[in-house]
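Shown next: final-v6.pdb, given as PDB, C-alpha atoms.
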ATOM      1  CA  MET A   1      -5.454  71.540   4.327
ATOM      2  CA  LYS A   2      -6.477  68.903   6.866
ATOM      3  CA  LEU A   3      -2.826  68.425   7.792
ATOM      4  CA  LEU A   4      -2.414  72.179   8.279
ATOM      5  CA  LEU A   5      -5.504  72.397  10.479
ATOM      6  CA  ARG A   6      -4.323  69.441  12.548
ATOM      7  CA  THR A   7      -0.897  71.044  12.974
ATOM      8  CA  ILE A   8      -2.504  74.296  14.108
ATOM      9  CA  ALA A   9      -4.758  72.418  16.551
ATOM     10  CA  LEU A  10      -1.819  70.562  18.035
ATOM     11  CA  PHE A  11       0.124  73.807  18.358
ATOM     12  CA  VAL A  12      -2.776  75.511  20.144
ATOM     13  CA  ALA A  13      -3.226  72.525  22.468
ATOM     14  CA  ALA A  14       0.478  72.413  23.263
ATOM     15  CA  THR A  15       0.536  76.158  23.893
ATOM     16  CA  ALA A  16      -2.457  75.908  26.216
ATOM     17  CA  THR A  17      -0.786  73.078  28.107
ATOM     18  CA  ALA A  18       2.432  75.063  28.470
ATOM     19  CA  VAL A  19       0.544  78.107  29.740
ATOM     20  CA  ALA A  20      -1.344  75.929  32.217
ATOM     21  CA  GLN A  21       1.980  74.808  33.675
ATOM     22  CA  ASP A  22       3.251  78.357  34.301
ATOM     23  CA  ALA A  23       3.974  79.142  37.941
ATOM     24  CA  ALA A  24       2.512  81.968  39.992
ATOM     25  CA  PHE A  25       5.171  83.681  42.096
ATOM     26  CA  THR A  26       4.997  85.208  45.555
ATOM     27  CA  THR A  27       7.645  87.105  47.501
ATOM     28  CA  GLY A  28       8.376  87.176  51.200
ATOM     29  CA  LEU A  29       6.391  86.039  54.192
ATOM     30  CA  ALA A  30       2.724  85.136  54.210
ATOM     31  CA  VAL A  31       0.156  86.514  56.623
ATOM     32  CA  THR A  32      -0.658  83.992  59.346
ATOM     33  CA  THR A  33      -4.320  82.960  59.283
ATOM     34  CA  ASN A  34      -4.098  80.119  61.805
ATOM     35  CA  PRO A  35      -1.370  80.229  64.489
ATOM     36  CA  GLY A  36      -1.325  76.450  64.875
ATOM     37  CA  LEU A  37      -3.413  73.449  63.902
ATOM     38  CA  VAL A  38      -2.201  71.291  66.792
ATOM     39  CA  ASP A  39      -1.324  72.036  70.410
ATOM     40  CA  CYS A  40       1.052  69.177  71.102
ATOM     41  CA  SER A  41       2.431  68.339  74.530
ATOM     42  CA  GLY A  42       5.152  66.327  72.768
ATOM     43  CA  GLY A  43       7.006  69.435  71.657
ATOM     44  CA  SER A  44       5.692  69.963  68.135
ATOM     45  CA  ARG A  45       6.854  72.775  65.904
ATOM     46  CA  VAL A  46       3.995  75.206  65.398
ATOM     47  CA  SER A  47       1.863  74.001  62.488
ATOM     48  CA  ALA A  48       0.661  77.420  61.404
ATOM     49  CA  VAL A  49      -1.155  78.223  58.161
ATOM     50  CA  GLY A  50      -0.899  81.411  56.134
ATOM     51  CA  GLU A  51      -2.105  83.276  53.074
ATOM     52  CA  ILE A  52      -0.096  85.220  50.520
ATOM     53  CA  ALA A  53      -0.867  87.121  47.302
ATOM     54  CA  ASP A  54       1.058  86.428  44.104
ATOM     55  CA  ASP A  55       2.232  89.026  41.597
ATOM     56  CA  GLY A  56      -1.192  89.063  39.989
ATOM     57  CA  GLY A  57      -3.098  89.460  43.248
ATOM     58  CA  ALA A  58      -4.370  85.876  43.566
ATOM     59  CA  LEU A  59      -4.248  84.408  47.065
ATOM     60  CA  TRP A  60      -2.490  81.149  47.969
ATOM     61  CA  VAL A  61      -2.736  79.123  51.173
ATOM     62  CA  VAL A  62       0.658  78.035  52.545
ATOM     63  CA  PRO A  63       2.056  75.541  53.036
ATOM     64  CA  ALA A  64      -1.144  74.004  51.636
ATOM     65  CA  ALA A  65      -4.910  74.072  51.765
ATOM     66  CA  THR A  66      -5.596  70.844  53.640
ATOM     67  CA  HIS A  67      -8.531  68.915  55.098
ATOM     68  CA  PHE A  68      -6.968  68.789  58.557
ATOM     69  CA  GLY A  69      -9.711  68.971  61.174
ATOM     70  CA  SER A  70     -12.489  68.233  58.693
ATOM     71  CA  ALA A  71     -11.445  64.715  57.594
ATOM     72  CA  PRO A  72     -10.828  61.608  59.731
ATOM     73  CA  ALA A  73      -7.400  61.430  61.330
ATOM     74  CA  ALA A  74      -5.347  58.319  60.627
ATOM     75  CA  ALA A  75      -4.828  55.950  63.550
ATOM     76  CA  ASP A  76      -1.485  55.994  65.321
ATOM     77  CA  LEU A  77       1.396  53.574  65.230
ATOM     78  CA  PHE A  78       3.655  56.068  66.982
ATOM     79  CA  ASN A  79       2.562  59.561  67.956
ATOM     80  CA  PRO A  80       4.230  61.555  70.762
ATOM     81  CA  CYS A  81       1.415  64.119  70.584
ATOM     82  CA  GLY A  82      -0.639  62.242  73.154
ATOM     83  CA  GLY A  83      -1.302  59.271  70.925
ATOM     84  CA  VAL A  84      -0.218  55.645  70.830
ATOM     85  CA  GLN A  85       3.517  54.897  70.877
ATOM     86  CA  LEU A  86       3.904  51.243  69.931
ATOM     87  CA  SER A  87       7.238  49.568  70.506
ATOM     88  CA  GLY A  88       6.957  47.597  67.274
ATOM     89  CA  PHE A  89       4.666  45.953  64.759
ATOM     90  CA  SER A  90       4.077  43.000  67.086
ATOM     91  CA  ALA A  91       2.182  45.354  69.398
ATOM     92  CA  PHE A  92      -0.192  46.452  66.650
ATOM     93  CA  ASP A  93      -3.842  45.461  67.140
ATOM     94  CA  ALA A  94      -5.745  45.791  63.868
ATOM     95  CA  ALA A  95      -9.065  45.468  65.671
ATOM     96  CA  SER A  96      -8.424  48.818  67.394
ATOM     97  CA  VAL A  97      -8.342  50.672  64.059
ATOM     98  CA  PRO A  98     -11.633  51.712  62.410
ATOM     99  CA  VAL A  99     -12.231  50.664  58.804
ATOM    100  CA  MET A 100     -12.808  53.540  56.382
ATOM    101  CA  ASP A 101     -15.178  53.111  53.447
ATOM    102  CA  ALA A 102     -13.772  53.843  49.980
ATOM    103  CA  GLY A 103     -16.779  52.312  48.254
ATOM    104  CA  GLY A 104     -15.785  48.660  48.085
ATOM    105  CA  THR A 105     -15.783  45.296  49.792
ATOM    106  CA  GLU A 106     -12.157  44.140  49.994
ATOM    107  CA  ALA A 107     -10.183  45.041  53.143
ATOM    108  CA  PHE A 108      -6.760  46.695  53.021
ATOM    109  CA  THR A 109      -4.356  48.173  55.565
ATOM    110  CA  ALA A 110      -1.898  50.987  54.825
ATOM    111  CA  PHE A 111       1.114  51.733  57.012
ATOM    112  CA  ILE A 112       2.479  55.262  56.571
ATOM    113  CA  PHE A 113       5.367  57.499  57.611
ATOM    114  CA  ALA A 114       5.268  61.060  56.257
ATOM    115  CA  ASP A 115       7.638  64.004  56.549
ATOM    116  CA  ASN A 116       5.668  65.959  57.427
ATOM    117  CA  TYR A 117       1.977  65.663  56.505
ATOM    118  CA  PHE A 118      -0.173  63.455  54.269
ATOM    119  CA  GLU A 119      -3.739  63.066  53.068
ATOM    120  CA  LEU A 120      -4.712  59.648  51.704
ATOM    121  CA  ASN A 121      -7.376  59.290  49.022
ATOM    122  CA  VAL A 122      -8.560  55.893  47.766
ATOM    123  CA  ASN A 123     -10.512  55.648  44.514
ATOM    124  CA  GLY A 124     -11.325  59.333  44.755
ATOM    125  CA  VAL A 125     -12.444  59.227  48.402
ATOM    126  CA  LEU A 126     -10.505  61.093  51.103
ATOM    127  CA  ILE A 127     -10.262  58.534  53.890
ATOM    128  CA  ALA A 128      -7.609  59.825  56.309
ATOM    129  CA  VAL A 129      -5.265  62.703  57.094
ATOM    130  CA  ASP A 130      -2.115  62.915  59.194
ATOM    131  CA  PRO A 131      -2.928  63.796  62.829
ATOM    132  CA  VAL A 132       0.382  65.700  63.225
ATOM    133  CA  PRO A 133       0.991  68.302  60.502
ATOM    134  CA  PHE A 134       4.582  69.153  61.487
ATOM    135  CA  THR A 135       6.649  67.477  64.211
ATOM    136  CA  PRO A 136       7.293  65.438  66.355
ATOM    137  CA  PHE A 137       7.524  62.722  63.736
ATOM    138  CA  ASN A 138       4.739  60.162  63.801
ATOM    139  CA  SER A 139       3.650  57.082  61.860
ATOM    140  CA  ASN A 140       0.161  55.878  61.095
ATOM    141  CA  VAL A 141      -2.095  53.060  60.000
ATOM    142  CA  VAL A 142      -5.236  53.309  57.868
ATOM    143  CA  ARG A 143      -7.662  50.442  57.280
ATOM    144  CA  PHE A 144     -10.128  50.742  54.413
ATOM    145  CA  ARG A 145     -12.448  48.844  52.101
ATOM    146  CA  ALA A 146     -12.248  49.279  48.334
ATOM    147  CA  ASP A 147     -12.647  47.354  45.094
ATOM    148  CA  ARG A 148      -9.754  46.695  42.737
ATOM    149  CA  PRO A 149      -8.224  48.302  40.824
ATOM    150  CA  VAL A 150      -7.332  50.626  43.681
ATOM    151  CA  THR A 151      -6.068  54.133  42.976
ATOM    152  CA  LEU A 152      -4.034  55.680  45.779
ATOM    153  CA  ALA A 153      -3.725  59.467  45.621
ATOM    154  CA  VAL A 154      -1.635  61.192  48.282
ATOM    155  CA  MET A 155      -1.099  64.823  49.127
ATOM    156  CA  GLY A 156       2.272  65.265  50.815
ATOM    157  CA  VAL A 157       3.212  68.513  52.561
ATOM    158  CA  ASP A 158       6.567  69.572  53.950
ATOM    159  CA  TRP A 159       5.441  72.023  56.641
ATOM    160  CA  GLU A 160       7.256  75.298  57.340
ATOM    161  CA  GLU A 161       7.901  77.749  60.142
ATOM    162  CA  HIS A 162       8.365  80.772  57.878
ATOM    163  CA  LEU A 163       5.064  80.702  56.035
ATOM    164  CA  GLY A 164       5.380  81.273  52.303
ATOM    165  CA  LEU A 165       9.121  80.677  52.299
ATOM    166  CA  GLY A 166       9.422  76.922  52.816
ATOM    167  CA  SER A 167      11.974  77.286  55.590
ATOM    168  CA  GLU A 168      12.535  76.869  59.304
ATOM    169  CA  HIS A 169      15.066  77.471  62.061
ATOM    170  CA  ASN A 170      17.621  74.697  61.560
ATOM    171  CA  ARG A 171      21.350  73.982  61.464
ATOM    172  CA  GLY A 172      22.251  77.359  62.907
ATOM    173  CA  LYS A 173      20.332  79.336  60.291
ATOM    174  CA  ALA A 174      17.084  81.231  60.779
ATOM    175  CA  TYR A 175      15.882  80.417  57.262
ATOM    176  CA  HIS A 176      16.824  76.881  56.314
ATOM    177  CA  PRO A 177      14.843  74.842  53.756
ATOM    178  CA  GLY A 178      13.295  71.709  55.250
ATOM    179  CA  ASP A 179      13.265  68.311  53.603
ATOM    180  CA  ALA A 180      10.427  65.874  53.002
ATOM    181  CA  GLY A 181       9.541  62.261  52.116
ATOM    182  CA  PHE A 182       6.678  59.795  52.096
ATOM    183  CA  VAL A 183       6.720  56.026  52.524
ATOM    184  CA  MET A 184       3.806  53.560  52.593
ATOM    185  CA  GLN A 185       3.139  49.842  52.532
ATOM    186  CA  VAL A 186      -0.338  48.422  51.781
ATOM    187  CA  ARG A 187      -1.474  44.894  52.664
ATOM    188  CA  ASP A 188      -4.631  42.983  51.796
ATOM    189  CA  ALA A 189      -6.768  40.994  54.250
ATOM    190  CA  SER A 190      -4.452  37.979  53.986
ATOM    191  CA  GLY A 191      -1.430  40.061  54.966
ATOM    192  CA  ALA A 192       0.078  40.006  51.470
ATOM    193  CA  ILE A 193       1.808  43.211  50.403
ATOM    194  CA  VAL A 194      -0.108  44.645  47.438
ATOM    195  CA  ALA A 195       1.444  48.100  47.105
ATOM    196  CA  ILE A 196       4.567  49.973  48.211
ATOM    197  CA  THR A 197       5.959  53.398  47.466
ATOM    198  CA  ASP A 198       8.578  53.143  44.709
ATOM    199  CA  HIS A 199       9.642  54.644  41.381
ATOM    200  CA  THR A 200       6.480  53.416  39.613
ATOM    201  CA  TRP A 201       4.382  56.117  41.282
ATOM    202  CA  LYS A 202       3.682  59.470  39.638
ATOM    203  CA  ALA A 203       4.558  62.648  41.559
ATOM    204  CA  GLN A 204       4.091  66.313  40.757
ATOM    205  CA  THR A 205       5.040  69.410  42.747
ATOM    206  CA  PHE A 206       2.677  72.348  43.332
ATOM    207  CA  TYR A 207       4.612  74.602  45.725
ATOM    208  CA  THR A 208       8.355  75.258  45.613
ATOM    209  CA  ALA A 209      10.215  77.475  48.097
ATOM    210  CA  PRO A 210      12.436  79.170  48.963
ATOM    211  CA  LEU A 211      13.715  80.509  45.641
ATOM    212  CA  ASN A 212      16.599  82.927  46.074
ATOM    213  CA  ALA A 213      16.235  83.701  42.339
ATOM    214  CA  ARG A 214      13.145  82.919  40.296
ATOM    215  CA  GLU A 215      15.263  82.233  37.222
ATOM    216  CA  CYS A 216      16.701  79.087  38.828
ATOM    217  CA  LEU A 217      13.356  77.313  38.390
ATOM    218  CA  VAL A 218      13.091  75.532  35.038
ATOM    219  CA  ILE A 219       9.577  74.770  33.749
ATOM    220  CA  ASP A 220       9.336  72.544  30.696
ATOM    221  CA  GLY A 221       5.806  71.267  30.115
ATOM    222  CA  ALA A 222       4.925  69.161  33.156
ATOM    223  CA  VAL A 223       8.516  69.209  34.448
ATOM    224  CA  ARG A 224       9.110  71.640  37.309
ATOM    225  CA  ASP A 225      12.824  71.489  37.994
ATOM    226  CA  SER A 226      14.288  73.380  40.955
ATOM    227  CA  SER A 227      17.594  71.495  41.017
ATOM    228  CA  ALA A 228      19.558  74.619  40.057
ATOM    229  CA  CYS A 229      18.142  76.606  42.988
ATOM    230  CA  ALA A 230      20.170  77.211  46.149
ATOM    231  CA  MET A 231      19.321  74.962  49.091
ATOM    232  CA  GLN A 232      21.565  76.426  51.780
ATOM    233  CA  GLY A 233      20.214  78.066  54.889
ATOM    234  CA  VAL A 234      20.574  81.822  55.376
ATOM    235  CA  ASP A 235      20.165  84.282  58.229
ATOM    236  CA  ASP A 236      17.520  86.333  56.409
ATOM    237  CA  GLY A 237      15.418  84.862  53.604
ATOM    238  CA  THR A 238      12.537  87.326  53.734
ATOM    239  CA  SER A 239      13.260  88.622  50.222
ATOM    240  CA  PHE A 240      13.079  85.162  48.630
ATOM    241  CA  SER A 241      10.283  83.946  46.351
ATOM    242  CA  ALA A 242       8.028  80.913  46.013
ATOM    243  CA  ALA A 243       6.367  79.234  43.033
ATOM    244  CA  HIS A 244       2.790  77.945  43.146
ATOM    245  CA  TRP A 245       0.584  75.903  40.839
ATOM    246  CA  PRO A 246      -3.150  75.210  41.295
ATOM    247  CA  LEU A 247      -4.121  71.631  42.087
ATOM    248  CA  PRO A 248      -5.827  70.030  39.078
ATOM    249  CA  GLU A 249      -9.513  69.270  39.278
ATOM    250  CA  GLY A 250     -10.284  65.646  40.095
ATOM    251  CA  TRP A 251      -6.665  64.662  40.744
ATOM    252  CA  THR A 252      -7.704  61.960  43.241
ATOM    253  CA  ALA A 253     -10.067  60.177  40.843
ATOM    254  CA  PRO A 254      -9.129  56.825  39.278
ATOM    255  CA  ASP A 255      -9.696  58.184  35.763
ATOM    256  CA  PHE A 256      -7.506  61.268  36.222
ATOM    257  CA  ASP A 257      -4.795  61.369  33.551
ATOM    258  CA  ASP A 258      -1.431  61.604  35.316
ATOM    259  CA  SER A 259       0.578  60.323  32.337
ATOM    260  CA  ALA A 260       2.337  63.676  31.871
ATOM    261  CA  TRP A 261       3.448  63.823  35.501
ATOM    262  CA  PRO A 262       7.054  62.872  36.224
ATOM    263  CA  ASP A 263       7.793  59.533  37.822
ATOM    264  CA  ALA A 264       8.311  59.700  41.571
ATOM    265  CA  VAL A 265      11.919  59.979  42.685
ATOM    266  CA  THR A 266      13.074  57.582  45.406
ATOM    267  CA  PHE A 267      15.282  58.506  48.343
ATOM    268  CA  SER A 268      17.216  56.404  50.841
ATOM    269  CA  ASN A 269      16.512  56.237  54.551
ATOM    270  CA  GLU A 270      19.830  58.002  55.117
ATOM    271  CA  THR A 271      18.899  60.898  52.839
ATOM    272  CA  VAL A 272      15.537  61.415  54.514
ATOM    273  CA  GLY A 273      17.160  60.973  57.918
ATOM    274  CA  VAL A 274      14.890  58.538  59.745
ATOM    275  CA  TYR A 275      17.295  56.356  61.710
ATOM    276  CA  ASN A 276      16.911  58.544  64.815
ATOM    277  CA  LYS A 277      13.112  58.550  64.619
ATOM    278  CA  PRO A 278      11.334  55.742  66.536
ATOM    279  CA  ALA A 279       8.157  56.423  64.560
ATOM    280  CA  TYR A 280      10.071  54.794  61.707
ATOM    281  CA  THR A 281      12.686  52.540  63.293
ATOM    282  CA  ASN A 282      10.149  50.789  65.556
ATOM    283  CA  PHE A 283       8.482  49.493  62.388
ATOM    284  CA  SER A 284      11.407  48.703  60.119
ATOM    285  CA  GLU A 285       9.919  45.246  59.464
ATOM    286  CA  LEU A 286       7.068  47.099  57.750
ATOM    287  CA  PHE A 287       8.801  49.885  55.879
ATOM    288  CA  ASP A 288      11.957  47.898  55.081
ATOM    289  CA  ASP A 289      10.381  44.502  54.437
ATOM    290  CA  PRO A 290      13.091  42.504  52.614
ATOM    291  CA  ALA A 291      10.482  40.884  50.357
ATOM    292  CA  ALA A 292       8.959  44.221  49.263
ATOM    293  CA  ASP A 293      10.935  47.204  50.514
ATOM    294  CA  ALA A 294       8.899  50.398  50.461
ATOM    295  CA  VAL A 295      11.127  53.383  49.722
ATOM    296  CA  PHE A 296      10.702  57.075  50.331
ATOM    297  CA  ILE A 297       9.265  58.961  47.374
ATOM    298  CA  TRP A 298       8.845  62.615  46.505
ATOM    299  CA  SER A 299       9.264  64.885  43.525
ATOM    300  CA  SER A 300      12.746  65.493  42.130
ATOM    301  CA  ASN A 301      13.656  68.006  44.860
ATOM    302  CA  LEU A 302      13.275  66.642  48.379
ATOM    303  CA  VAL A 303      14.252  70.003  49.895
ATOM    304  CA  LEU A 304      12.554  72.780  47.933
ATOM    305  CA  ASP A 305       9.353  71.099  46.723
ATOM    306  CA  ASN A 306       6.916  71.481  49.611
ATOM    307  CA  LEU A 307       3.544  70.370  48.231
ATOM    308  CA  VAL A 308       3.594  67.175  46.164
ATOM    309  CA  LEU A 309       0.736  65.077  44.821
ATOM    310  CA  SER A 310       1.489  61.414  44.113
ATOM    311  CA  ARG A 311      -0.583  58.635  42.559
ATOM    312  CA  LYS A 312      -0.476  54.885  42.000
ATOM    313  CA  THR A 313      -3.027  52.273  40.883
ATOM    314  CA  PHE A 314      -2.684  48.609  41.778
ATOM    315  CA  GLU A 315      -4.764  45.688  40.556
TER
END

Just give me the structure as structure tokens.
Amino acid sequence: MKLLLRTIALFVAATATAVAQDAAFTTGLAVTTNPGLVDCSGGSRVSAVGEIADDGGALWVVPAATHFGSAPAAADLFNPCGGVQLSGFSAFDAASVPVMDAGGTEAFTAFIFADNYFELNVNGVLIAVDPVPFTPFNSNVVRFRADRPVTLAVMGVDWEEHLGLGSEHNRGKAYHPGDAGFVMQVRDASGAIVAITDHTWKAQTFYTAPLNARECLVIDGAVRDSSACAMQGVDDGTSFSAAHWPLPEGWTAPDFDDSAWPDAVTFSNETVGVYNKPAYTNFSELFDDPAADAVFIWSSNLVLDNLVLSRKTFE
């Protein structure tokens, strides 16, 4: 009898987990609620924000509900939107960067390049957001104090021109899916590298678009696999769909259980396409340090997965 009850309990728990992983689907373009977060003299794509209802009537913010404008902006390494444009790491002056408080005493410095937008949480505290949501491409530095073990929790967003459809004008097509990527190196006060982005991170997707057919998306527990979905650009993608999942409560906290999340997938510099971007190439000694080479991470689909949460704890 006890065995039967335990089996039933496990079945109910597994069923609840599976239901919790189900996607909500939307179709077509979102309604623009903010025409642009940044007015950039450097020629930025418009970083608009929108809202769209799913099949059940629930509203979703696209490409993501962020803390842009309400949280501190990360300091610049290279930012054509009126910010600093350093020629290399040798020109970096740590004293010019404010130190954010994540509730600790040890000093750390994080160097970041995101395609397109990031929010950095340390031990459950949001300490910095990307100052440029879309393009031109920028790179950043964040100094903070925390106690070990340190849990890094990052929201990564691949911005979009066609809100709700994860696409933009590109490569001769009006609706072309964009690609993404996030790379970071963290050093302690002595300059030693204590964390890099690599395959040991956890990464989960929460917004996938465009989907030319909903059936191409495979959901198996915590796995959200869009590899069978088309990734080519089209002239008119307004009839396509998107999949959304709610962000889990407390996902930035050190004690959040991310064990079911897939491991982060790594991508080469060539795949992400950064060799023509000075925000990256000016700091190759950071991001491509031969002793501890930080690599680009994302979920399994660099193109269609547009909102990805990633986590890593280092001692």

Within 9 Å of region 30-34 of chain A, which residues of region 115-201 of chain A come that close, and what is the closest atom pair and distance in Å for each? Count all atoms listed in the file and give it as JSON lines.
{"residue": "A:His162", "atom": "CA", "partner": "A:Ala30", "partner_atom": "CA", "distance": 8.0}
{"residue": "A:Leu163", "atom": "CA", "partner": "A:Ala30", "partner_atom": "CA", "distance": 5.3}
{"residue": "A:Gly164", "atom": "CA", "partner": "A:Ala30", "partner_atom": "CA", "distance": 5.1}
{"residue": "A:Leu165", "atom": "CA", "partner": "A:Ala30", "partner_atom": "CA", "distance": 8.0}

For this session: Output the residue selection produced by the PyMOL selection byres ((chain A and resi 146) around 10) on the file above, formatted as a list in words.
Result: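 For this structure, the PyMOL selection byres ((chain A and resi 146) around 10) resolves to Met100, Asp101, Ala102, Gly103, Gly104, Thr105, Glu106, Ala107, Phe108, Val122, Asn123, Val125, Phe144, Arg145, Asp147, Arg148, Pro149, Val150 and Thr151 of chain A.
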
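When CA of Ala64 (chain A) is paired with CA of Asn282 (chain A), their separation reads 29.3 Å.
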
Exercise. Can you tell me how far CA of Asn140 (chain A) sits from CA of Thr313 (chain A), in Å to one decimal?
Worked result: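 Taking CA of Asn140 (chain A) as the start and CA of Thr313 (chain A) as the end point, the length is 20.8 Å.
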
Exercise. With distances taken over all atoms listed in the file, which of A:Tyr117, A:Tyr175, A:Phe240, A:Leu152 is nearest to Ala65 (chain A)?
Worked result: A:Tyr117

Exercise. Mind telling me what the PyMOL selection byres ((chain A and resi 177) around 12) catches here, as a count of residues only?
Worked result: 42

Exercise. Which residue gives the smallest distance to Phe111 (chain A) among A:Thr197, A:Thr27, A:Gln85, A:Ser310, with only C-alpha atoms counted?
Worked result: A:Thr197

For this session: Report the distance between CA of Phe25 (chain A) and CA of Gly56 (chain A) in Å, rounded to one decimal place.
Result: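 So the answer is 8.6 Å.
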
For this session: Counting only C-alpha atoms, figure out which residue out of A:Gly172, A:Pro254, A:Gly273, A:Gly88 gets nearest to Leu286 (chain A).
Result: A:Gly88

Problem set entry | Pick from A:Asp188, A:Asp263, A:Asp22, A:Asp55, whichever lies nearest to Ser241 (chain A) using only C-alpha atoms | A:Asp55

For this session: Extract, using only C-alpha atoms, all DNA, RNA and protein residues at most 8 Å from Val141 (chain A), discarding same-chain residues fewer than 2 positions from it, and format them as an NGL selection string.
Result: :A and (74-77 or 97 or 109-112 or 139 or 143)

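The result of the PyMOL selection byres ((chain A and resi 40) around 10) on the shown file is Gly36, Leu37, Val38, Asp39, Ser41, Gly42, Gly43, Ser44, Arg45, Val46, Ser47, Pro80, Cys81, Gly82, Val132, Thr135 and Pro136 of chain A.
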
Give me region 269-290 of chain A with N, CA and C atoms filled in, as an mmCIF file, keeping the file's coordinate frame.
data_model
loop_
_atom_site.group_PDB
_atom_site.id
_atom_site.type_symbol
_atom_site.label_atom_id
_atom_site.label_comp_id
_atom_site.auth_asym_id
_atom_site.auth_seq_id
_atom_site.Cartn_x
_atom_site.Cartn_y
_atom_site.Cartn_z
ATOM 1 N N ASN A 269 16.787 55.902 53.155
ATOM 2 C CA ASN A 269 16.512 56.237 54.551
ATOM 3 C C ASN A 269 17.527 57.239 55.084
ATOM 4 N N GLU A 270 18.781 57.094 54.652
ATOM 5 C CA GLU A 270 19.830 58.002 55.117
ATOM 6 C C GLU A 270 19.576 59.425 54.640
ATOM 7 N N THR A 271 19.150 59.565 53.385
ATOM 8 C CA THR A 271 18.899 60.898 52.839
ATOM 9 C C THR A 271 17.746 61.582 53.553
ATOM 10 N N VAL A 272 16.687 60.840 53.808
ATOM 11 C CA VAL A 272 15.537 61.415 54.514
ATOM 12 C C VAL A 272 15.861 61.642 55.989
ATOM 13 N N GLY A 273 16.724 60.798 56.544
ATOM 14 C CA GLY A 273 17.160 60.973 57.918
ATOM 15 C C GLY A 273 16.183 60.427 58.936
ATOM 16 N N VAL A 274 15.911 59.115 58.868
ATOM 17 C CA VAL A 274 14.890 58.538 59.745
ATOM 18 C C VAL A 274 15.457 57.591 60.809
ATOM 19 N N TYR A 275 16.758 57.356 60.800
ATOM 20 C CA TYR A 275 17.295 56.356 61.710
ATOM 21 C C TYR A 275 17.314 56.804 63.167
ATOM 22 N N ASN A 276 17.033 58.074 63.434
ATOM 23 C CA ASN A 276 16.911 58.544 64.815
ATOM 24 C C ASN A 276 15.455 58.823 65.186
ATOM 25 N N LYS A 277 14.532 58.283 64.395
ATOM 26 C CA LYS A 277 13.112 58.550 64.619
ATOM 27 C C LYS A 277 12.382 57.232 64.920
ATOM 28 N N PRO A 278 12.007 56.996 66.182
ATOM 29 C CA PRO A 278 11.334 55.742 66.536
ATOM 30 C C PRO A 278 10.019 55.518 65.807
ATOM 31 N N ALA A 279 9.385 56.592 65.341
ATOM 32 C CA ALA A 279 8.157 56.423 64.560
ATOM 33 C C ALA A 279 8.425 55.616 63.298
ATOM 34 N N TYR A 280 9.669 55.605 62.869
ATOM 35 C CA TYR A 280 10.071 54.794 61.707
ATOM 36 C C TYR A 280 10.808 53.526 62.137
ATOM 37 N N THR A 281 11.822 53.686 62.961
ATOM 38 C CA THR A 281 12.686 52.540 63.293
ATOM 39 C C THR A 281 11.952 51.458 64.080
ATOM 40 N N ASN A 282 10.914 51.808 64.835
ATOM 41 C CA ASN A 282 10.149 50.789 65.556
ATOM 42 C C ASN A 282 9.380 49.867 64.614
ATOM 43 N N PHE A 283 9.287 50.258 63.345
ATOM 44 C CA PHE A 283 8.482 49.493 62.388
ATOM 45 C C PHE A 283 9.273 49.199 61.110
ATOM 46 N N SER A 284 10.560 48.972 61.278
ATOM 47 C CA SER A 284 11.407 48.703 60.119
ATOM 48 C C SER A 284 10.985 47.427 59.402
ATOM 49 N N GLU A 285 10.370 46.472 60.132
ATOM 50 C CA GLU A 285 9.919 45.246 59.464
ATOM 51 C C GLU A 285 8.771 45.522 58.500
ATOM 52 N N LEU A 286 8.107 46.674 58.686
ATOM 53 C CA LEU A 286 7.068 47.099 57.750
ATOM 54 C C LEU A 286 7.673 47.868 56.579
ATOM 55 N N PHE A 287 8.339 48.968 56.913
ATOM 56 C CA PHE A 287 8.801 49.885 55.879
ATOM 57 C C PHE A 287 10.021 49.369 55.123
ATOM 58 N N ASP A 288 10.776 48.463 55.737
ATOM 59 C CA ASP A 288 11.957 47.898 55.081
ATOM 60 C C ASP A 288 11.827 46.391 54.934
ATOM 61 N N ASP A 289 10.623 45.930 54.626
ATOM 62 C CA ASP A 289 10.381 44.502 54.437
ATOM 63 C C ASP A 289 11.308 43.986 53.339
ATOM 64 N N PRO A 290 12.138 42.980 53.627
ATOM 65 C CA PRO A 290 13.091 42.504 52.614
ATOM 66 C C PRO A 290 12.414 41.924 51.372
#
